$ cat work-v3.cif   # mmCIF, C-alpha atoms and all ligand atoms
data_entry
#
loop_
_atom_site.label_atom_id
_atom_site.label_comp_id
_atom_site.auth_asym_id
_atom_site.auth_seq_id
_atom_site.Cartn_x
_atom_site.Cartn_y
_atom_site.Cartn_z
CA MET G 186 -7.53 30.18 23.04
CA SER G 187 -8.39 29.55 19.38
CA THR G 188 -10.05 26.28 18.40
CA SER G 189 -6.93 25.12 16.59
CA GLU G 190 -4.80 25.78 19.70
CA LYS G 191 -7.34 23.85 21.78
CA LEU G 192 -7.23 20.94 19.34
CA LYS G 193 -3.45 20.73 19.39
CA LYS G 194 -3.44 20.86 23.17
CA GLU G 195 -6.13 18.22 23.43
CA VAL G 196 -4.24 15.82 21.14
CA ALA G 197 -0.98 16.39 23.03
CA ALA G 198 -2.77 15.64 26.31
CA ARG G 199 -3.72 12.23 24.92
CA ARG G 200 -0.13 11.16 24.32
CA ASP G 201 -0.23 8.25 26.81
CA ASP G 202 -3.51 7.03 25.38
CA LEU G 203 -2.02 7.16 21.87
CA ILE G 204 0.97 5.10 23.02
CA ALA G 205 -1.23 2.51 24.75
CA LEU G 206 -3.55 2.24 21.75
CA THR G 207 -0.62 1.70 19.36
CA GLN G 208 0.84 -0.94 21.67
CA ASP G 209 -2.48 -2.76 21.89
CA LEU G 210 -2.80 -2.83 18.10
CA ILE G 211 0.76 -4.12 17.64
CA ARG G 212 0.09 -6.87 20.19
CA ILE G 213 -2.62 -8.35 17.96
CA PRO G 214 -0.54 -10.18 15.33
CA THR G 215 -2.45 -9.64 12.10
CA LEU G 216 0.01 -11.40 9.83
CA ASN G 217 -0.75 -11.45 6.13
CA PRO G 218 -0.36 -13.92 4.63
CA PRO G 219 -2.25 -15.89 5.82
CA GLY G 220 -4.40 -13.14 7.44
CA THR G 221 -4.58 -13.88 11.16
CA ASN G 222 -6.60 -12.20 13.92
CA TYR G 223 -8.53 -9.85 11.66
CA ARG G 224 -11.65 -10.49 13.71
CA GLU G 225 -9.79 -9.87 16.97
CA ILE G 226 -8.43 -6.50 15.87
CA CYS G 227 -11.83 -5.49 14.44
CA ASP G 228 -13.48 -6.38 17.75
CA TYR G 229 -10.89 -4.30 19.58
CA LEU G 230 -11.49 -1.31 17.29
CA ASP G 231 -15.24 -1.84 17.52
CA HIS G 232 -15.12 -1.55 21.29
CA ARG G 233 -12.96 1.55 21.16
CA LEU G 234 -14.97 3.38 18.51
CA LEU G 235 -18.38 2.53 20.02
CA ARG G 236 -17.16 4.22 23.17
CA ALA G 237 -16.39 7.36 21.14
CA GLY G 238 -19.94 7.43 19.79
CA PHE G 239 -19.33 5.83 16.40
CA HIS G 240 -21.84 3.56 14.70
CA THR G 241 -19.82 0.52 13.61
CA GLU G 242 -20.12 -2.27 11.07
CA LEU G 243 -17.99 -5.39 10.90
CA ILE G 244 -17.90 -6.63 7.34
CA ARG G 245 -16.46 -9.91 6.18
CA ALA G 246 -15.25 -9.87 2.57
CA GLU G 247 -16.98 -13.13 1.77
CA GLY G 248 -15.87 -14.66 -1.48
CA ALA G 249 -12.94 -12.27 -1.91
CA ILE G 250 -9.63 -13.87 -2.78
CA GLY G 251 -7.90 -14.95 0.43
CA ASP G 252 -11.15 -15.20 2.42
CA SER G 253 -11.76 -18.59 4.05
CA ASP G 254 -13.35 -19.91 7.23
CA ALA G 255 -9.87 -20.51 8.62
CA HIS G 256 -8.78 -16.96 7.76
CA PRO G 257 -11.86 -14.77 7.29
CA ARG G 258 -11.26 -11.28 5.88
CA TRP G 259 -12.88 -9.01 8.47
CA ASN G 260 -13.05 -5.25 8.07
CA ILE G 261 -14.49 -2.52 10.24
CA VAL G 262 -16.16 0.69 9.10
CA ALA G 263 -17.16 3.17 11.79
CA ARG G 264 -19.12 6.37 11.20
CA ARG G 265 -20.04 9.21 13.52
CA GLU G 266 -22.53 11.80 12.35
CA GLY G 267 -22.11 15.43 13.31
CA LYS G 268 -24.79 17.77 14.50
CA THR G 269 -25.71 19.09 11.06
CA PRO G 270 -25.41 17.63 7.56
CA GLY G 271 -22.17 18.15 5.70
CA GLN G 272 -19.28 16.30 4.14
CA CYS G 273 -17.68 13.09 5.31
CA VAL G 274 -13.98 12.67 6.08
CA HIS G 275 -12.84 9.05 6.03
CA PHE G 276 -9.59 7.74 7.55
CA ASN G 277 -8.68 4.38 6.08
CA SER G 278 -5.96 2.19 7.59
CA HIS G 279 -5.02 -1.35 6.75
CA ILE G 280 -4.91 -3.68 9.73
CA ASP G 281 -2.63 -6.35 8.26
CA VAL G 282 1.14 -6.55 8.68
CA VAL G 283 3.78 -8.44 6.71
CA GLU G 284 5.78 -11.38 8.01
CA VAL G 285 8.29 -10.73 10.78
CA GLY G 286 11.49 -11.92 9.05
CA HIS G 287 14.87 -12.21 10.75
CA GLY G 288 17.11 -9.78 12.58
CA TRP G 289 14.84 -8.39 15.29
CA THR G 290 16.36 -7.26 18.58
CA THR G 291 12.93 -6.48 20.09
CA ASP G 292 9.76 -8.55 20.35
CA PRO G 293 7.92 -7.95 17.05
CA PHE G 294 4.56 -8.18 18.83
CA GLY G 295 5.62 -6.64 22.13
CA GLY G 296 5.03 -2.95 21.45
CA GLU G 297 8.11 -2.03 23.46
CA VAL G 298 8.69 1.68 24.12
CA LYS G 299 12.30 2.82 23.99
CA ASP G 300 13.86 6.27 23.39
CA GLY G 301 10.61 7.85 22.27
CA LYS G 302 9.75 5.07 19.83
CA ILE G 303 7.31 2.18 19.81
CA TYR G 304 8.70 -1.01 18.29
CA GLY G 305 6.91 -3.83 16.56
CA ARG G 306 5.77 -5.29 13.26
CA GLY G 307 3.29 -2.82 11.85
CA ALA G 308 4.36 0.01 14.20
CA CYS G 309 4.89 2.38 11.29
CA ASP G 310 3.09 0.38 8.56
CA MET G 311 0.51 1.26 9.76
CA LYS G 312 -0.87 0.71 13.22
CA GLY G 313 0.77 3.95 14.41
CA GLY G 314 -1.15 5.82 11.71
CA LEU G 315 -4.39 4.07 12.59
CA ALA G 316 -3.96 4.96 16.27
CA ALA G 317 -3.12 8.58 15.37
CA SER G 318 -6.30 8.92 13.29
CA ILE G 319 -8.46 7.50 16.09
CA VAL G 320 -6.99 9.82 18.73
CA ALA G 321 -7.26 12.77 16.32
CA ALA G 322 -10.95 12.03 15.73
CA GLU G 323 -11.70 11.52 19.43
CA ALA G 324 -9.97 14.77 20.38
CA PHE G 325 -11.80 16.63 17.60
CA ILE G 326 -15.17 15.25 18.74
CA ASP G 327 -14.52 16.43 22.30
CA VAL G 328 -13.36 19.91 21.31
CA CYS G 329 -15.86 20.45 18.47
CA PRO G 330 -18.94 18.39 19.41
CA ASP G 331 -21.18 20.44 17.11
CA TYR G 332 -19.29 19.66 13.91
CA ALA G 333 -21.06 19.33 10.56
CA GLY G 334 -20.96 16.22 8.38
CA ALA G 335 -19.49 12.90 9.46
CA ILE G 336 -16.26 11.18 10.40
CA GLU G 337 -15.51 7.66 9.26
CA ILE G 338 -12.68 5.40 10.38
CA SER G 339 -12.05 2.07 8.72
CA GLY G 340 -9.65 -0.77 9.48
CA THR G 341 -9.28 -2.94 6.40
CA ALA G 342 -7.74 -6.30 5.54
CA ASP G 343 -5.18 -7.46 3.02
CA GLU G 344 -3.56 -4.22 1.83
CA GLU G 345 -0.21 -5.98 1.84
CA SER G 346 -1.55 -8.57 -0.61
CA GLY G 347 -3.46 -6.26 -2.93
CA GLY G 348 -6.42 -5.14 -0.81
CA PHE G 349 -9.02 -7.36 -2.49
CA GLY G 350 -10.44 -8.61 0.82
CA GLY G 351 -10.33 -5.07 2.19
CA VAL G 352 -10.71 -1.71 0.47
CA ALA G 353 -11.50 -3.22 -2.95
CA TYR G 354 -14.36 -5.22 -1.44
CA LEU G 355 -15.74 -2.24 0.48
CA ALA G 356 -15.43 0.00 -2.58
CA GLU G 357 -17.43 -2.54 -4.62
CA LYS G 358 -20.12 -2.36 -1.94
CA GLY G 359 -20.27 1.42 -2.21
CA TYR G 360 -18.44 2.37 0.99
CA PHE G 361 -16.20 4.79 -0.92
CA SER G 362 -18.78 6.18 -3.31
CA PRO G 363 -18.68 9.98 -3.66
CA GLU G 364 -22.25 10.25 -2.32
CA ARG G 365 -21.18 8.70 0.96
CA VAL G 366 -17.60 9.88 1.43
CA GLN G 367 -16.07 13.13 0.16
CA HIS G 368 -12.54 13.14 1.61
CA VAL G 369 -10.20 10.21 2.25
CA ILE G 370 -6.96 10.25 4.24
CA ILE G 371 -4.92 7.05 4.35
CA PRO G 372 -2.46 7.28 7.28
CA GLU G 373 0.34 5.29 5.62
CA PRO G 374 3.85 6.15 6.90
CA LEU G 375 4.79 8.92 4.48
CA ASN G 376 6.31 11.26 7.11
CA LYS G 377 4.41 13.76 9.22
CA ASP G 378 5.12 16.72 6.93
CA ARG G 379 4.53 15.12 3.53
CA ILE G 380 1.31 14.71 1.57
CA CYS G 381 1.25 11.74 -0.76
CA LEU G 382 -0.94 12.46 -3.77
CA GLY G 383 -0.93 9.05 -5.40
CA HIS G 384 1.24 6.38 -6.96
CA ARG G 385 2.81 5.15 -10.20
CA GLY G 386 1.07 2.48 -12.23
CA VAL G 387 2.05 -1.16 -12.33
CA TRP G 388 1.91 -3.86 -14.98
CA TRP G 389 2.86 -7.41 -14.07
CA ALA G 390 3.32 -9.86 -16.91
CA GLU G 391 4.61 -13.34 -17.53
CA ILE G 392 6.75 -14.13 -20.53
CA GLU G 393 7.32 -17.70 -21.61
CA THR G 394 9.89 -18.91 -24.12
CA LYS G 395 9.44 -22.32 -25.68
CA GLY G 396 11.99 -24.98 -26.54
CA GLU G 397 12.13 -28.70 -27.11
CA ILE G 398 13.06 -31.32 -24.57
CA ALA G 399 15.93 -33.72 -25.40
CA HIS G 400 18.70 -35.58 -23.60
CA GLY G 401 21.12 -33.17 -21.97
CA SER G 402 24.11 -34.99 -23.49
CA MET G 403 22.82 -34.09 -26.96
CA PRO G 404 21.42 -30.58 -26.61
CA PHE G 405 21.61 -30.15 -30.37
CA LEU G 406 18.67 -32.55 -30.61
CA GLY G 407 16.48 -30.20 -28.57
CA ASP G 408 16.03 -26.47 -28.23
CA CYS G 409 16.93 -24.73 -24.98
CA ALA G 410 14.17 -22.40 -23.71
CA VAL G 411 16.55 -20.89 -21.14
CA ARG G 412 18.97 -19.73 -23.84
CA HIS G 413 16.03 -18.11 -25.62
CA MET G 414 15.12 -16.32 -22.42
CA GLY G 415 18.76 -15.25 -22.07
CA ALA G 416 18.40 -13.54 -25.44
CA VAL G 417 15.31 -11.74 -24.14
CA VAL G 418 17.21 -10.45 -21.11
CA ALA G 419 20.12 -9.38 -23.34
CA GLU G 420 17.75 -7.43 -25.60
CA MET G 421 16.17 -5.78 -22.54
CA GLU G 422 19.62 -4.69 -21.39
CA GLU G 423 20.44 -3.43 -24.85
CA SER G 424 17.31 -1.47 -25.67
CA LEU G 425 14.60 -1.52 -22.99
CA PHE G 426 16.38 -0.51 -19.77
CA PRO G 427 18.13 2.48 -21.42
CA ALA G 428 14.78 3.58 -22.92
CA LEU G 429 13.03 3.36 -19.53
CA ALA G 430 15.75 5.46 -17.90
CA GLN G 431 14.96 8.23 -20.40
CA LYS G 432 11.30 8.40 -19.39
CA ARG G 433 11.04 10.97 -16.62
CA THR G 434 7.88 12.03 -14.90
CA ASP G 435 6.54 15.31 -13.63
CA MET G 436 4.93 13.36 -10.75
CA PRO G 437 6.82 14.21 -7.52
CA VAL G 438 7.80 10.58 -6.97
CA VAL G 439 10.15 9.76 -4.10
CA PRO G 440 12.81 8.45 -3.89
CA GLU G 441 14.52 10.16 -6.85
CA GLY G 442 15.36 6.84 -8.55
CA ALA G 443 11.66 6.13 -8.98
CA LYS G 444 11.04 9.37 -10.93
CA GLN G 445 11.39 7.35 -14.11
CA SER G 446 9.88 4.22 -15.58
CA THR G 447 11.29 1.08 -14.00
CA LEU G 448 11.23 -2.63 -14.65
CA ASN G 449 12.10 -5.39 -12.23
CA ILE G 450 12.68 -8.95 -13.36
CA ASN G 451 10.80 -10.58 -10.53
CA SER G 452 11.72 -14.18 -11.31
CA ILE G 453 12.99 -16.51 -14.00
CA HIS G 454 12.48 -20.18 -14.02
CA GLY G 455 13.42 -22.70 -16.67
CA GLY G 456 13.93 -26.44 -16.82
CA GLU G 457 13.37 -28.91 -14.01
CA PRO G 458 11.54 -27.71 -10.93
CA GLU G 459 13.81 -26.97 -8.00
CA GLN G 460 14.01 -29.87 -5.58
CA GLU G 461 13.49 -29.74 -1.83
CA GLU G 462 16.64 -28.87 0.11
CA ASP G 463 16.89 -32.40 1.54
CA TYR G 464 16.88 -33.99 -1.92
CA THR G 465 20.25 -35.68 -2.33
CA GLY G 466 19.91 -37.03 -5.86
CA LEU G 467 21.35 -35.54 -9.03
CA PRO G 468 19.36 -33.62 -11.62
CA SER G 469 18.27 -35.56 -14.66
CA ALA G 470 19.85 -34.63 -17.97
CA CYS G 471 17.27 -32.67 -19.93
CA VAL G 472 17.13 -29.70 -22.25
CA PRO G 473 14.56 -27.24 -20.80
CA ASP G 474 11.53 -26.97 -23.04
CA ARG G 475 10.16 -23.86 -21.42
CA CYS G 476 11.29 -20.89 -19.39
CA ARG G 477 9.15 -18.32 -17.64
CA MET G 478 9.94 -14.83 -16.51
CA VAL G 479 7.74 -12.55 -14.43
CA ILE G 480 8.26 -8.83 -14.94
CA ASP G 481 7.11 -5.97 -12.74
CA ARG G 482 6.91 -2.78 -14.75
CA ARG G 483 6.14 0.49 -12.95
CA PHE G 484 4.87 3.25 -15.18
CA LEU G 485 4.20 6.96 -15.09
CA ILE G 486 1.08 9.06 -15.38
CA GLU G 487 2.47 10.32 -18.70
CA GLU G 488 2.52 6.76 -20.09
CA ASP G 489 -0.31 4.74 -21.53
CA ILE G 490 -0.60 1.12 -20.42
CA GLY G 491 -1.08 0.02 -24.04
CA GLU G 492 2.29 1.56 -24.95
CA VAL G 493 3.89 -0.02 -21.90
CA GLU G 494 2.77 -3.45 -23.04
CA GLN G 495 3.71 -2.81 -26.66
CA GLU G 496 7.25 -1.83 -25.67
CA VAL G 497 7.82 -5.28 -24.15
CA ARG G 498 6.17 -7.01 -27.12
CA ASP G 499 8.55 -5.08 -29.38
CA VAL G 500 11.51 -6.47 -27.43
CA LEU G 501 10.20 -9.99 -27.98
CA GLU G 502 9.57 -9.35 -31.67
CA ARG G 503 13.10 -8.04 -32.17
CA VAL G 504 14.46 -11.23 -30.60
CA ARG G 505 12.19 -13.35 -32.78
CA GLU G 506 13.46 -11.70 -35.94
CA ALA G 507 17.07 -12.26 -34.93
CA ARG G 508 16.78 -15.77 -33.53
CA PRO G 509 15.76 -18.89 -35.44
CA GLY G 510 13.25 -21.10 -33.64
CA PHE G 511 12.34 -18.41 -31.12
CA GLU G 512 8.77 -18.76 -29.88
CA TYR G 513 7.15 -16.96 -27.01
CA ASP G 514 3.97 -16.18 -25.16
CA ILE G 515 3.23 -13.15 -23.05
CA HIS G 516 0.27 -12.34 -20.88
CA GLY G 517 -0.51 -9.71 -18.27
CA ILE G 518 -1.10 -10.90 -14.69
CA HIS G 519 -2.15 -7.69 -12.97
CA SER G 520 -2.27 -3.99 -13.65
CA VAL G 521 -3.08 -0.78 -11.83
CA GLU G 522 -3.32 2.65 -13.45
CA PRO G 523 -1.27 5.50 -11.97
CA THR G 524 -3.25 7.96 -9.89
CA MET G 525 -2.52 11.44 -8.63
CA THR G 526 -4.91 13.67 -6.70
CA LYS G 527 -4.81 17.31 -7.78
CA ARG G 528 -2.99 19.74 -5.51
CA ASP G 529 -6.04 21.97 -5.34
CA ALA G 530 -8.28 19.12 -4.10
CA PRO G 531 -10.00 20.08 -0.82
CA VAL G 532 -8.41 17.31 1.31
CA VAL G 533 -4.95 18.33 0.07
CA GLY G 534 -5.60 21.97 0.96
CA ALA G 535 -6.90 21.11 4.44
CA VAL G 536 -3.93 18.90 5.33
CA ALA G 537 -1.44 21.36 3.83
CA GLU G 538 -2.90 24.16 5.97
CA ALA G 539 -2.73 21.93 9.06
CA VAL G 540 0.92 21.03 8.36
CA ARG G 541 1.66 24.77 8.10
CA ASP G 542 -0.05 25.33 11.46
CA VAL G 543 1.70 22.47 13.32
CA PHE G 544 5.19 22.67 11.79
CA GLY G 545 5.37 26.30 10.64
CA ARG G 546 6.38 25.35 7.10
CA GLU G 547 5.04 24.10 3.81
CA ALA G 548 4.23 20.44 3.31
CA ASP G 549 6.17 18.45 0.73
CA TYR G 550 4.10 16.80 -1.96
CA VAL G 551 5.12 13.30 -2.96
CA VAL G 552 3.97 10.36 -5.04
CA SER G 553 4.63 6.79 -3.98
CA PRO G 554 6.73 4.50 -6.21
CA GLY G 555 4.44 1.56 -5.39
CA THR G 556 0.68 1.30 -5.17
CA TYR G 557 -1.46 1.19 -2.05
CA ASP G 558 -5.20 1.13 -1.35
CA GLN G 559 -5.78 4.51 -3.00
CA LYS G 560 -5.93 2.53 -6.27
CA HIS G 561 -9.26 0.92 -5.28
CA ILE G 562 -10.73 4.15 -3.92
CA ASP G 563 -9.83 5.85 -7.19
CA ARG G 564 -10.88 3.15 -9.66
CA ILE G 565 -13.79 1.39 -7.96
CA GLY G 566 -14.94 4.16 -5.62
CA ARG G 567 -14.52 6.89 -8.29
CA LEU G 568 -13.34 9.16 -5.51
CA LYS G 569 -10.55 11.51 -6.55
CA ASN G 570 -10.21 13.49 -3.33
CA CYS G 571 -7.85 11.08 -1.57
CA ILE G 572 -4.34 11.29 -0.13
CA ALA G 573 -1.97 9.33 2.06
CA TYR G 574 -0.78 11.20 5.11
CA GLY G 575 0.55 9.67 8.31
CA PRO G 576 3.40 9.31 10.80
CA GLY G 577 6.46 7.14 10.35
CA VAL G 578 9.21 6.61 7.83
CA LEU G 579 8.35 4.45 4.85
CA ASP G 580 11.90 3.04 4.68
CA LEU G 581 11.28 1.24 8.00
CA ALA G 582 8.22 -0.58 6.73
CA HIS G 583 8.64 -4.36 6.42
CA LYS G 584 12.10 -4.19 8.08
CA PRO G 585 13.36 -5.73 11.34
CA ASP G 586 13.01 -3.50 14.42
CA GLU G 587 10.27 -1.48 12.73
CA TYR G 588 9.23 1.46 14.90
CA VAL G 589 7.16 4.61 14.95
CA GLY G 590 8.24 7.81 16.71
CA ILE G 591 5.87 8.93 19.47
CA ASP G 592 6.36 12.65 18.78
CA ASP G 593 5.70 12.00 15.10
CA MET G 594 2.43 10.27 15.97
CA VAL G 595 1.31 13.09 18.25
CA GLU G 596 2.16 15.77 15.68
CA SER G 597 0.51 13.97 12.80
CA ALA G 598 -2.59 13.39 14.96
CA GLN G 599 -2.63 17.16 15.51
CA VAL G 600 -2.51 17.68 11.75
CA MET G 601 -5.39 15.21 11.28
CA ALA G 602 -7.49 16.92 13.96
CA LEU G 603 -6.91 20.35 12.37
CA ALA G 604 -7.83 18.95 8.96
CA LEU G 605 -11.11 17.68 10.46
CA GLN G 606 -11.79 21.12 11.87
CA ASP G 607 -11.15 22.67 8.46
CA LEU G 608 -13.33 20.21 6.50
CA LEU G 609 -16.16 19.77 9.02
CA SER G 610 -16.57 23.20 10.54
CA ALA G 611 -20.22 23.84 11.25
ZN ZN G 701 1.05 0.04 4.52
#
$ encode --input "work-v3.cif" --output "structure tokens"
Amino acid sequence: MSTSEKLKKEVAARRDDLIALTQDLIRIPTLNPPGTNYREICDYLDHRLLRAGFHTELIRAEGAIGDSDAHPRWNIVARREGKTPGQCVHFNSHIDVVEVGHGWTTDPFGGEVKDGKIYGRGACDMKGGLAASIVAAEAFIDVCPDYAGAIEISGTADEESGGFGGVAYLAEKGYFSPERVQHVIIPEPLNKDRICLGHRGVWWAEIETKGEIAHGSMPFLGDCAVRHMGAVVAEMEESLFPALAQKRTDMPVVPEGAKQSTLNINSIHGGEPEQEEDYTGLPSACVPDRCRMVIDRRFLIEEDIGEVEQEVRDVLERVREARPGFEYDIHGIHSVEPTMTKRDAPVVGAVAEAVRDVFGREADYVVSPGTYDQKHIDRIGRLKNCIAYGPGVLDLAHKPDEYVGIDDMVESAQVMALALQDLLSA
């Protein structure tokens, strides 16, 4: 039997272990926010990976945003050296999950198995992927004990809230530097036969329009900031949204609607603060003197962030020219550059070949509409040889009755094991 046949068989034989591991991970509720049980899940992974011969480190992202004594940001990085020197393949999974929300028919932290699926918050995003990478590595170590190089597995905090207490912190400390790690696979739920090369960019900004407060019975004595903001939205509808729809990318972004520039108006608030639901009084009569809007602009690898910002400033300038008394402020809140790993990068080639072996067809190449931890590995770690590949359907992430398919996990673990064989063959 060839080594690749042995690897596939070995992974398939560990199906029950893979199920149990995924269930265990789901049963540790690592809700973010606020960031619960990070230490517990790291201890669990520590125990598991020590047993497989990994050297492990538990690292608290002290001082990172979100880190506190009540909710410390724990991460685990495990490394297992091969017999001879060589390259390092790193599997990075985030350990946090988003809030449960309403509408569940199963226990979100029960890990129930039904009809070939494991249910629970984080089943697909991404404890199923984490479990698959661990089982893939363990099977590979057993079948190919004399491999060259090193395998790393990390479980990191806070991806769902930007990754600053997780991958960003580790990247700052050099854990993703090209001298230490040469290949990164992030087992996010992108489907077992798709390779995700990167993501679009993002620019968050806050726009404020200014007015003048006055009694609401005599609005002519003041200046309504909400009406000014209305003019901004109208101008966006008129000129900006149609222009964005024209900007198409060559990045293979999925779904199709995200193959262009997009802008979401995240929130608008003007005038009096909203009162608590149990407040029974009336509003007071005032003309709003300021209105704020938060925008979430997603941009393409073909676009420059300076142009993206200028386009919105141009909208505001056009309104200012047309509207007496119009005053505004705009400032960026957060930005991430788009990133896309080249198709001829070694990690892409290895996973593509493994997909061909397991599924008998070519992998699809995709780019994610939103960002994920690859942004920190790219920008801080300076590591360009990074992809997302893992089991599960992205559409199920963050939804009620989230699940991961057991066959999908087994098959993607086979792909991961074959990729290890390709990249670490002695
Ligand atoms: Zn995720």
$ residues_around --input "work-v3.cif" --residues "Glu195 (chain G)" --least-positions-apart "5" --cutoff "12 Å" --atoms "only C-alpha atoms" --output "list of chain:residue names"
G:Thr188, G:Ser189, G:Glu190, G:Arg200, G:Asp202, G:Leu203, G:Val320, G:Ala321, G:Ala322, G:Glu323, G:Ala324, G:Phe325, G:Ile326, G:Asp327, G:Val328, G:Cys329, G:Val595, G:Glu596, G:Ala598, G:Gln599, G:Ala602, G:Leu603
$ closest_atom_pairs --input "work-v3.cif" --of "chain G" --to "ligand ZN 701 (chain G)" --cutoff "9 Å" --atoms "all atoms listed in the file" --output "CSV"
residue,atom,partner,partner_atom,distance
G:Ser278,CA,G:ZN701,ZN,7.9
G:His279,CA,G:ZN701,ZN,6.6
G:Ile280,CA,G:ZN701,ZN,8.7
G:Asp281,CA,G:ZN701,ZN,8.3
G:Val282,CA,G:ZN701,ZN,7.8
G:Gly307,CA,G:ZN701,ZN,8.2
G:Cys309,CA,G:ZN701,ZN,8.1
G:Asp310,CA,G:ZN701,ZN,4.5
G:Met311,CA,G:ZN701,ZN,5.4
G:Lys312,CA,G:ZN701,ZN,8.9
G:Glu344,CA,G:ZN701,ZN,6.8
G:Glu345,CA,G:ZN701,ZN,6.7
G:Pro372,CA,G:ZN701,ZN,8.5
G:Glu373,CA,G:ZN701,ZN,5.4
G:Pro374,CA,G:ZN701,ZN,7.1
G:Tyr557,CA,G:ZN701,ZN,7.1
G:Asp558,CA,G:ZN701,ZN,8.6
G:Leu579,CA,G:ZN701,ZN,8.5
G:Ala582,CA,G:ZN701,ZN,7.5
G:His583,CA,G:ZN701,ZN,9.0
$ closest_residue --input "work-v3.cif" --among "G:Lys584, G:Arg199, G:Arg477, G:His384" --to "Val521 (chain G)" --atoms "all atoms listed in the file"
G:His384
$ residues_around --input "work-v3.cif" --residues "region 266-274 of chain G" --least-positions-apart "5" --cutoff "7 Å" --atoms "only C-alpha atoms" --output "PyMOL selection string"
chain G and resi 331-337+366-369+609
$ atom_distance --input "work-v3.cif" --atom1 "CA of Leu234 (chain G)" --atom2 "CA of Gly340 (chain G)"
11.3 Å
$ closest_atom_pairs --input "work-v3.cif" --of "region 510-566 of chain G" --to "region 432-447 of chain G" --cutoff "7 Å" --atoms "all atoms listed in the file" --output "CSV"
residue,atom,partner,partner_atom,distance
G:Tyr550,CA,G:Pro437,CA,6.7
G:Val551,CA,G:Pro437,CA,5.0
G:Val552,CA,G:Val438,CA,4.3
G:Ser553,CA,G:Val438,CA,5.8
G:Pro554,CA,G:Ala443,CA,5.9
$ closest_residue --input "work-v3.cif" --among "G:Arg508, G:Lys299, G:Arg482, G:His454" --to "Glu496 (chain G)" --atoms "all atoms listed in the file"
G:Arg482
$ residues_around --input "work-v3.cif" --residues "Asp607 (chain G)" --least-positions-apart "3" --cutoff "9 Å" --atoms "all atoms listed in the file" --output "PyMOL selection string"
chain G and resi 535-536+538-539+602-604+610
$ closest_residue --input "work-v3.cif" --among "G:Pro214, G:Lys377, G:Leu429, G:Pro219" --to "Val578 (chain G)" --atoms "all atoms listed in the file"
G:Lys377
$ residues_near_point --input "work-v3.cif" --point "(7.8, 5.6, 12.7)" --cutoff "7 Å" --atoms "only C-alpha atoms" --output "short mmCIF file (atom, residue, chain, number, x, y, z; two decimals) with C-alpha atoms, in the coordinates of the input"
data_model
loop_
_atom_site.label_atom_id
_atom_site.label_comp_id
_atom_site.auth_asym_id
_atom_site.auth_seq_id
_atom_site.Cartn_x
_atom_site.Cartn_y
_atom_site.Cartn_z
CA ALA G 308 4.36 0.01 14.20
CA CYS G 309 4.89 2.38 11.29
CA PRO G 576 3.40 9.31 10.80
CA GLY G 577 6.46 7.14 10.35
CA VAL G 578 9.21 6.61 7.83
CA TYR G 588 9.23 1.46 14.90
CA VAL G 589 7.16 4.61 14.95
CA GLY G 590 8.24 7.81 16.71
#
$ atom_distance --input "work-v3.cif" --atom1 "CA of Val533 (chain G)" --atom2 "CA of Gly351 (chain G)"
24.1 Å
$ closest_residue --input "work-v3.cif" --among "G:Ile515, G:Ile250, G:Met421, G:Ala428" --to "Gly350 (chain G)" --atoms "only C-alpha atoms"
G:Ile250
$ axis_aligned_box --input "work-v3.cif" --around "region 452-461 of chain G" --padding-each-side "3 Å" --output "lines of an AutoDock Vina configuration file"
center_x = 12.8
center_y = -22.0
center_z = -9.3
size_x = 8.5
size_y = 21.7
size_z = 21.0
$ closest_residue --input "work-v3.cif" --among "G:Glu512, G:Glu284, G:Glu494, G:Asp549" --to "Ile480 (chain G)" --atoms "only C-alpha atoms"
G:Glu494
